[in-house]
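The next block is start_19.pdb, given as PDB, C-alpha atoms, pLDDT in the B column.
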ATOM      1  CA  MET A 907      83.474 148.393 140.630  1.00 54.00           C
ATOM      2  CA  LYS A 908      84.162 145.558 143.016  1.00 55.00           C
ATOM      3  CA  GLN A 909      80.613 144.240 142.493  1.00 56.00           C
ATOM      4  CA  TRP A 910      81.061 144.174 138.696  1.00 52.00           C
ATOM      5  CA  THR A 911      84.301 142.232 139.044  1.00 51.00           C
ATOM      6  CA  ILE A 912      82.617 139.672 141.321  1.00 54.00           C
ATOM      7  CA  ILE A 913      79.647 139.348 138.914  1.00 53.00           C
ATOM      8  CA  ALA A 914      82.013 138.917 135.938  1.00 51.00           C
ATOM      9  CA  LEU A 915      83.969 136.210 137.800  1.00 46.00           C
ATOM     10  CA  LEU A 916      80.756 134.407 138.768  1.00 45.00           C
ATOM     11  CA  LEU A 917      79.533 134.473 135.161  1.00 49.00           C
ATOM     12  CA  LEU A 918      82.875 133.118 133.983  1.00 47.00           C
ATOM     13  CA  LEU A 919      82.788 130.271 136.519  1.00 48.00           C
ATOM     14  CA  VAL A 920      79.198 129.347 135.705  1.00 50.00           C
ATOM     15  CA  ASN A 921      79.817 129.306 131.941  1.00 58.00           C
ATOM     16  CA  CYS A 922      83.130 127.442 132.034  1.00 55.00           C
ATOM     17  CA  LYS A 923      82.777 123.847 130.989  1.00 54.00           C
ATOM     18  CA  PRO A 924      85.436 121.205 131.447  1.00 57.00           C
ATOM     19  CA  PRO A 925      87.121 120.172 128.179  1.00 55.00           C
ATOM     20  CA  PRO A 926      85.469 117.208 126.430  1.00 56.00           C
ATOM     21  CA  LYS A 927      86.741 113.864 127.613  1.00 59.00           C
ATOM     22  CA  GLU A 928      89.023 112.140 125.112  1.00 59.00           C
ATOM     23  CA  PRO A 929      88.362 108.467 124.365  1.00 58.00           C
ATOM     24  CA  SER A 930      90.329 106.304 126.724  1.00 59.00           C
ATOM     25  CA  SER A 931      93.044 104.092 125.344  1.00 64.00           C
ATOM     26  CA  SER A 932      93.632 102.321 128.620  1.00 66.00           C
ATOM     27  CA  PRO A 933      94.099  98.557 128.531  1.00 67.00           C
ATOM     28  CA  GLU A 934      90.659  98.167 130.137  1.00 67.00           C
ATOM     29  CA  SER A 935      88.911 100.159 127.379  1.00 63.00           C
ATOM     30  CA  ILE A 936      90.747  98.220 124.660  1.00 60.00           C
ATOM     31  CA  VAL A 937      89.648  94.907 126.199  1.00 54.00           C
ATOM     32  CA  GLU A 938      86.087  96.252 126.454  1.00 57.00           C
ATOM     33  CA  ALA A 939      86.109  97.200 122.740  1.00 57.00           C
ATOM     34  CA  ILE A 940      87.414  93.762 121.755  1.00 50.00           C
ATOM     35  CA  GLU A 941      84.700  92.052 123.813  1.00 50.00           C
ATOM     36  CA  LYS A 942      82.050  94.005 121.857  1.00 63.00           C
ATOM     37  CA  GLU A 943      83.395  92.693 118.528  1.00 78.00           C
ATOM     38  CA  LEU A 944      81.534  89.923 116.788  1.00 87.00           C
ATOM     39  CA  VAL A 945      82.960  86.434 117.260  1.00 91.00           C
ATOM     40  CA  PHE A 946      83.531  84.138 114.294  1.00 93.00           C
ATOM     41  CA  PRO A 947      81.821  81.872 113.442  1.00 95.00           C
ATOM     42  CA  ASP A 948      79.069  81.956 116.087  1.00 94.00           C
ATOM     43  CA  ASP A 949      77.951  85.565 115.505  1.00 94.00           C
ATOM     44  CA  PHE A 950      77.678  84.952 111.751  1.00 96.00           C
ATOM     45  CA  LEU A 951      75.564  81.807 111.708  1.00 97.00           C
ATOM     46  CA  GLY A 952      72.650  81.995 109.306  1.00 97.00           C
ATOM     47  CA  ILE A 953      71.507  81.869 105.704  1.00 97.00           C
ATOM     48  CA  TYR A 954      72.803  84.408 103.189  1.00 98.00           C
ATOM     49  CA  LYS A 955      71.369  85.061  99.709  1.00 97.00           C
ATOM     50  CA  GLY A 956      72.344  87.108  96.695  1.00 97.00           C
ATOM     51  CA  ASP A 957      73.805  86.881  93.208  1.00 97.00           C
ATOM     52  CA  LEU A 958      77.187  85.578  92.149  1.00 97.00           C
ATOM     53  CA  VAL A 959      78.811  87.585  89.353  1.00 98.00           C
ATOM     54  CA  ASN A 960      80.977  85.218  87.294  1.00 97.00           C
ATOM     55  CA  THR A 961      83.386  87.130  85.019  1.00 97.00           C
ATOM     56  CA  THR A 962      85.495  85.424  82.323  1.00 94.00           C
ATOM     57  CA  SER A 963      86.892  86.341  78.925  1.00 89.00           C
ATOM     58  CA  ASN A 964      83.518  85.171  77.561  1.00 92.00           C
ATOM     59  CA  GLY A 965      81.665  87.868  79.490  1.00 96.00           C
ATOM     60  CA  VAL A 966      79.639  88.149  82.664  1.00 97.00           C
ATOM     61  CA  GLU A 967      77.111  85.669  84.004  1.00 96.00           C
ATOM     62  CA  ILE A 968      74.886  86.311  87.033  1.00 97.00           C
ATOM     63  CA  ILE A 969      73.935  83.236  89.047  1.00 96.00           C
ATOM     64  CA  PRO A 970      71.668  83.084  92.121  1.00 97.00           C
ATOM     65  CA  MET A 971      73.698  82.006  95.154  1.00 97.00           C
ATOM     66  CA  GLU A 972      72.932  80.998  98.716  1.00 97.00           C
ATOM     67  CA  PHE A 973      75.353  80.341 101.579  1.00 97.00           C
ATOM     68  CA  HIS A 974      74.449  78.557 104.830  1.00 97.00           C
ATOM     69  CA  LEU A 975      76.651  78.613 107.931  1.00 98.00           C
ATOM     70  CA  LEU A 976      74.825  76.655 110.632  1.00 97.00           C
ATOM     71  CA  ALA A 977      75.634  75.126 114.021  1.00 97.00           C
ATOM     72  CA  THR A 978      75.758  71.363 114.468  1.00 97.00           C
ATOM     73  CA  SER A 979      75.603  69.183 117.576  1.00 97.00           C
ATOM     74  CA  ASP A 980      79.432  69.318 117.667  1.00 97.00           C
ATOM     75  CA  SER A 981      80.523  72.760 118.938  1.00 94.00           C
ATOM     76  CA  PHE A 982      83.696  72.618 116.786  1.00 96.00           C
ATOM     77  CA  LYS A 983      81.906  71.818 113.500  1.00 98.00           C
ATOM     78  CA  TYR A 984      79.525  73.883 111.373  1.00 98.00           C
ATOM     79  CA  ASP A 985      77.422  73.085 108.315  1.00 98.00           C
ATOM     80  CA  TYR A 986      78.890  75.104 105.459  1.00 98.00           C
ATOM     81  CA  LYS A 987      76.697  74.829 102.374  1.00 97.00           C
ATOM     82  CA  ILE A 988      76.709  76.702  99.081  1.00 97.00           C
ATOM     83  CA  TYR A 989      73.827  76.581  96.596  1.00 97.00           C
ATOM     84  CA  TYR A 990      74.248  77.775  93.009  1.00 95.00           C
ATOM     85  CA  GLY A 991      71.691  78.562  90.326  1.00 91.00           C
ATOM     86  CA  ALA A 992      67.938  78.350  90.152  1.00 89.00           C
ATOM     87  CA  GLU A 993      68.243  74.563  90.417  1.00 88.00           C
ATOM     88  CA  ARG A 994      70.055  75.087  93.764  1.00 88.00           C
ATOM     89  CA  SER A 995      73.021  72.827  93.024  1.00 88.00           C
ATOM     90  CA  GLU A 996      74.343  72.053  96.539  1.00 94.00           C
ATOM     91  CA  ARG A 997      77.940  71.916  97.798  1.00 95.00           C
ATOM     92  CA  ALA A 998      77.695  70.472 101.333  1.00 97.00           C
ATOM     93  CA  TYR A 999      80.861  70.985 103.375  1.00 98.00           C
ATOM     94  CA  THR A1000      81.795  71.076 107.065  1.00 98.00           C
ATOM     95  CA  LEU A1001      83.737  73.968 108.618  1.00 98.00           C
ATOM     96  CA  ILE A1002      85.944  72.719 111.458  1.00 98.00           C
ATOM     97  CA  GLN A1003      87.587  74.764 114.207  1.00 97.00           C
ATOM     98  CA  THR A1004      91.139  73.653 114.968  1.00 97.00           C
ATOM     99  CA  GLY A1005      93.230  74.258 118.081  1.00 94.00           C
ATOM    100  CA  ASN A1006      94.602  77.392 116.386  1.00 96.00           C
ATOM    101  CA  PRO A1007      92.123  80.336 116.336  1.00 94.00           C
ATOM    102  CA  ASN A1008      93.607  81.506 113.005  1.00 96.00           C
ATOM    103  CA  ILE A1009      93.266  78.168 111.200  1.00 98.00           C
ATOM    104  CA  TYR A1010      90.073  76.355 110.196  1.00 98.00           C
ATOM    105  CA  GLU A1011      89.559  73.339 107.972  1.00 98.00           C
ATOM    106  CA  LEU A1012      86.934  72.894 105.279  1.00 98.00           C
ATOM    107  CA  ASP A1013      85.961  69.247 104.937  1.00 98.00           C
ATOM    108  CA  GLU A1014      84.420  68.674 101.520  1.00 97.00           C
ATOM    109  CA  ASN A1015      83.012  65.393 102.901  1.00 96.00           C
ATOM    110  CA  ASN A1016      84.642  63.431 100.075  1.00 97.00           C
ATOM    111  CA  GLY A1017      88.179  62.906 101.415  1.00 96.00           C
ATOM    112  CA  ILE A1018      89.341  66.481 100.614  1.00 96.00           C
ATOM    113  CA  LEU A1019      90.262  68.671 103.594  1.00 97.00           C
ATOM    114  CA  LEU A1020      91.293  72.273 102.811  1.00 97.00           C
ATOM    115  CA  PRO A1021      93.088  74.511 105.323  1.00 97.00           C
ATOM    116  CA  LEU A1022      91.575  77.995 105.733  1.00 98.00           C
ATOM    117  CA  ALA A1023      93.371  80.959 107.290  1.00 98.00           C
ATOM    118  CA  TYR A1024      91.296  83.301 109.449  1.00 97.00           C
ATOM    119  CA  SER A1025      91.828  86.971 110.317  1.00 95.00           C
ATOM    120  CA  LYS A1026      89.405  89.798 111.164  1.00 93.00           C
ATOM    121  CA  ASN A1027      86.158  88.012 110.213  1.00 94.00           C
ATOM    122  CA  THR A1028      87.698  86.791 106.947  1.00 96.00           C
ATOM    123  CA  LEU A1029      88.458  83.271 105.730  1.00 97.00           C
ATOM    124  CA  PHE A1030      91.237  82.874 103.135  1.00 98.00           C
ATOM    125  CA  SER A1031      92.299  79.829 101.138  1.00 98.00           C
ATOM    126  CA  THR A1032      94.469  78.964  98.140  1.00 98.00           C
ATOM    127  CA  TYR A1033      94.335  75.586  96.441  1.00 96.00           C
ATOM    128  CA  GLU A1034      95.041  73.856  93.139  1.00 96.00           C
ATOM    129  CA  VAL A1035      92.475  71.836  91.192  1.00 96.00           C
ATOM    130  CA  ALA A1036      93.032  70.252  87.773  1.00 97.00           C
ATOM    131  CA  GLY A1037      95.899  72.596  86.840  1.00 97.00           C
ATOM    132  CA  ASN A1038      94.157  75.709  88.136  1.00 97.00           C
ATOM    133  CA  LEU A1039      95.138  77.871  91.102  1.00 97.00           C
ATOM    134  CA  LEU A1040      92.130  79.158  93.056  1.00 97.00           C
ATOM    135  CA  GLN A1041      92.181  81.870  95.708  1.00 98.00           C
ATOM    136  CA  ASN A1042      89.145  82.344  97.897  1.00 98.00           C
ATOM    137  CA  SER A1043      88.133  84.914 100.501  1.00 98.00           C
ATOM    138  CA  GLU A1044      84.940  85.257 102.503  1.00 97.00           C
ATOM    139  CA  VAL A1045      84.435  88.404 104.583  1.00 97.00           C
ATOM    140  CA  PHE A1046      81.683  88.340 107.199  1.00 96.00           C
ATOM    141  CA  TYR A1047      79.785  91.417 108.414  1.00 94.00           C
ATOM    142  CA  LYS A1048      76.889  91.722 110.844  1.00 92.00           C
ATOM    143  CA  ASP A1049      74.217  91.613 108.094  1.00 95.00           C
ATOM    144  CA  HIS A1050      75.995  90.262 104.989  1.00 96.00           C
ATOM    145  CA  MET A1051      79.086  88.556 103.625  1.00 97.00           C
ATOM    146  CA  ASP A1052      81.325  89.110 100.608  1.00 98.00           C
ATOM    147  CA  PHE A1053      82.461  86.020  98.706  1.00 97.00           C
ATOM    148  CA  MET A1054      85.251  86.082  96.121  1.00 98.00           C
ATOM    149  CA  ILE A1055      87.136  83.432  94.144  1.00 98.00           C
ATOM    150  CA  THR A1056      89.768  84.048  91.483  1.00 98.00           C
ATOM    151  CA  MET A1057      91.155  81.338  89.236  1.00 97.00           C
ATOM    152  CA  SER A1058      94.396  81.239  87.272  1.00 97.00           C
ATOM    153  CA  VAL A1059      95.523  78.508  84.883  1.00 97.00           C
ATOM    154  CA  LEU A1060      98.907  77.330  86.187  1.00 96.00           C
ATOM    155  CA  LYS A1061     100.316  76.621  82.719  1.00 97.00           C
ATOM    156  CA  ASN A1062      99.719  80.311  81.830  1.00 96.00           C
ATOM    157  CA  LYS A1063     102.412  81.345  84.335  1.00 94.00           C
ATOM    158  CA  GLU A1064     104.333  84.401  83.150  1.00 94.00           C
ATOM    159  CA  GLU A1065     107.934  85.180  84.129  1.00 92.00           C
ATOM    160  CA  THR A1066     107.711  88.902  84.797  1.00 89.00           C
ATOM    161  CA  GLY A1067     111.317  89.629  85.706  1.00 90.00           C
ATOM    162  CA  GLU A1068     113.858  89.573  88.446  1.00 89.00           C
ATOM    163  CA  ALA A1069     114.372  91.962  91.340  1.00 88.00           C
ATOM    164  CA  ALA A1070     116.952  91.852  94.117  1.00 89.00           C
ATOM    165  CA  GLY A1071     117.978  88.377  92.973  1.00 89.00           C
ATOM    166  CA  TYR A1072     114.452  86.933  93.080  1.00 93.00           C
ATOM    167  CA  GLN A1073     112.576  85.683  90.040  1.00 92.00           C
ATOM    168  CA  VAL A1074     109.032  87.133  89.909  1.00 93.00           C
ATOM    169  CA  SER A1075     106.232  85.181  88.254  1.00 93.00           C
ATOM    170  CA  SER A1076     102.572  86.006  87.779  1.00 95.00           C
ATOM    171  CA  TYR A1077      99.466  83.974  87.100  1.00 95.00           C
ATOM    172  CA  PRO A1078      96.948  85.884  84.961  1.00 95.00           C
ATOM    173  CA  ILE A1079      93.431  85.602  86.377  1.00 96.00           C
ATOM    174  CA  SER A1080      91.010  83.920  83.990  1.00 96.00           C
ATOM    175  CA  VAL A1081      87.893  83.704  86.182  1.00 97.00           C
ATOM    176  CA  MET A1082      86.577  86.049  88.871  1.00 98.00           C
ATOM    177  CA  GLN A1083      83.560  85.220  90.998  1.00 97.00           C
ATOM    178  CA  GLN A1084      82.160  87.817  93.381  1.00 98.00           C
ATOM    179  CA  ALA A1085      79.015  87.917  95.486  1.00 97.00           C
ATOM    180  CA  SER A1086      77.589  90.096  98.219  1.00 97.00           C
ATOM    181  CA  LEU A1087      75.179  87.862 100.076  1.00 98.00           C
ATOM    182  CA  TYR A1088      72.689  89.274 102.570  1.00 98.00           C
ATOM    183  CA  LYS A1089      71.742  87.527 105.797  1.00 97.00           C
ATOM    184  CA  LEU A1090      68.100  86.520 106.021  1.00 96.00           C
ATOM    185  CA  ALA A1091      66.159  87.435 109.149  1.00 87.00           C
ATOM    186  CA  GLN A1092      65.700  84.466 111.454  1.00 74.00           C
TER
END
Translate this file's structure into structure tokens.
Amino acid sequence: MKQWTIIALLLLLVNCKPPPKEPSSSPESIVEAIEKELVFPDDFLGIYKGDLVNTTSNGVEIIPMEFHLLATSDSFKYDYKIYYGAERSERAYTLIQTGNPNIYELDENNGILLPLAYSKNTLFSTYEVAGNLLQNSEVFYKDHMDFMITMSVLKNKEETGEAAGYQVSSYPISVMQQASLYKLAQ
């Protein structure tokens, strides 16, 4: 009987496995995970192509689109170019890093300098042009980017009510532009 007990204990010891290791949430592992993340804008440099879907009350129009984000000789400036349509109508801008890692500037190279907010591989901007309010976001991924602009006519502002003593207004969106652009192999 003693031999069977010893054999049973040996079998138990041999077949026992330690519990699976849980992912570490130590400060060192968090820093390691952050270091593996892609860094904007350097890890997203390249040429992206796809179609822009332009939606208005008149319907939907699909326009070929290309976006270039390229290094320059100045390590704080990047070529930022957008091409629209088969005729490749070019918008040549310069993306500028500021002293704040969450703020960039977009120089339209014509005297207009737009501030851009940055968070989690996304650029955000809001600006007014000719009585229109435009909101823009560009989300960068390893192999593509998503581009979106919405436009509202400022004079179409609607007073939607009041809550907790604050007047709430809305700006109906009249134009939506969306594109998923895929990075070309280099």
Separation of CA of Arg997 (chain A) from CA of Gln1041 (chain A), in Å and rounded to one decimal | 17.5 Å
Go through A:Lys1089, A:Arg994, A:Lys987, A:Lys1063 one by one, measure the shortest atom-to-atom distance of each to Tyr954 (chain A) using all atoms listed in the file, and give the residue with the smallest value.
-> A:Lys1089
Write out as a VMD selection string which residues come within 8 Å of region 1048-1057 of chain A when counting all atoms listed in the file, dropping same-chain ones fewer than 3 positions away.
-> chain A and resid 944 949 to 950 954 1038 to 1045 1079 to 1089
What would the file look like if the residues just selected were written as a JSON list (two decimals), in the frame of the given file with C-alpha atoms?
[["chain", "number", "residue", "atom", "x", "y", "z"],
["A", 944, "LEU", "CA", 81.53, 89.92, 116.79],
["A", 949, "ASP", "CA", 77.95, 85.56, 115.50],
["A", 950, "PHE", "CA", 77.68, 84.95, 111.75],
["A", 954, "TYR", "CA", 72.80, 84.41, 103.19],
["A", 1038, "ASN", "CA", 94.16, 75.71, 88.14],
["A", 1039, "LEU", "CA", 95.14, 77.87, 91.10],
["A", 1040, "LEU", "CA", 92.13, 79.16, 93.06],
["A", 1041, "GLN", "CA", 92.18, 81.87, 95.71],
["A", 1042, "ASN", "CA", 89.14, 82.34, 97.90],
["A", 1043, "SER", "CA", 88.13, 84.91, 100.50],
["A", 1044, "GLU", "CA", 84.94, 85.26, 102.50],
["A", 1045, "VAL", "CA", 84.44, 88.40, 104.58],
["A", 1079, "ILE", "CA", 93.43, 85.60, 86.38],
["A", 1080, "SER", "CA", 91.01, 83.92, 83.99],
["A", 1081, "VAL", "CA", 87.89, 83.70, 86.18],
["A", 1082, "MET", "CA", 86.58, 86.05, 88.87],
["A", 1083, "GLN", "CA", 83.56, 85.22, 91.00],
["A", 1084, "GLN", "CA", 82.16, 87.82, 93.38],
["A", 1085, "ALA", "CA", 79.02, 87.92, 95.49],
["A", 1086, "SER", "CA", 77.59, 90.10, 98.22],
["A", 1087, "LEU", "CA", 75.18, 87.86, 100.08],
["A", 1088, "TYR", "CA", 72.69, 89.27, 102.57],
["A", 1089, "LYS", "CA", 71.74, 87.53, 105.80]]
Hits of the PyMOL selection byres ((chain A and resi 1018) around 12) in this structure, as a ChimeraX atom specification | /A:999-1000,1011-1017,1019-1021,1033-1035
Would you export the selected residues with C-alpha atoms as an mmCIF file, in the coordinates of the input, please?
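For reference, part-v9.cif as written:
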data_model
loop_
_atom_site.group_PDB
_atom_site.id
_atom_site.type_symbol
_atom_site.label_atom_id
_atom_site.label_comp_id
_atom_site.auth_asym_id
_atom_site.auth_seq_id
_atom_site.Cartn_x
_atom_site.Cartn_y
_atom_site.Cartn_z
ATOM 1 C CA TYR A 999 80.861 70.985 103.375
ATOM 2 C CA THR A 1000 81.795 71.076 107.065
ATOM 3 C CA GLU A 1011 89.559 73.339 107.972
ATOM 4 C CA LEU A 1012 86.934 72.894 105.279
ATOM 5 C CA ASP A 1013 85.961 69.247 104.937
ATOM 6 C CA GLU A 1014 84.420 68.674 101.520
ATOM 7 C CA ASN A 1015 83.012 65.393 102.901
ATOM 8 C CA ASN A 1016 84.642 63.431 100.075
ATOM 9 C CA GLY A 1017 88.179 62.906 101.415
ATOM 10 C CA LEU A 1019 90.262 68.671 103.594
ATOM 11 C CA LEU A 1020 91.293 72.273 102.811
ATOM 12 C CA PRO A 1021 93.088 74.511 105.323
ATOM 13 C CA TYR A 1033 94.335 75.586 96.441
ATOM 14 C CA GLU A 1034 95.041 73.856 93.139
ATOM 15 C CA VAL A 1035 92.475 71.836 91.192
#
List, as a ChimeraX atom specification, every residue that the PyMOL selection byres ((chain A and resi 981) around 12) selects in the file provided.
-> /A:947-948,976-980,982-985,1001-1004
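The space between CA of Ile953 (chain A) and CA of Asn1006 (chain A) spans 25.8 Å.
Taking CA of Phe946 (chain A) and CA of Asn960 (chain A) as endpoints, the distance between them is 27.1 Å.
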Apply the PyMOL selection byres ((chain A and resi 973) around 7) to the displayed file and report the matching residues as number ranges by chain.
-> A: 953-955, 971-972, 974-975, 987-989
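Nearest to Lys1061 (chain A) of all the residues A:Val1074, A:Gly1037, A:Phe1046, A:Tyr990 is A:Gly1037, counting all atoms listed in the file.
Between Val945 (chain A) and the residues A:Ser1025, A:Pro970, A:Ser963, A:Ala992, the shortest atom-to-atom distance, using all atoms listed in the file, involves A:Ser1025.
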Closest to Glu967 (chain A) among A:Glu996, A:Gly991, A:Ser1031, A:Leu951, using only C-alpha atoms?
-> A:Gly991
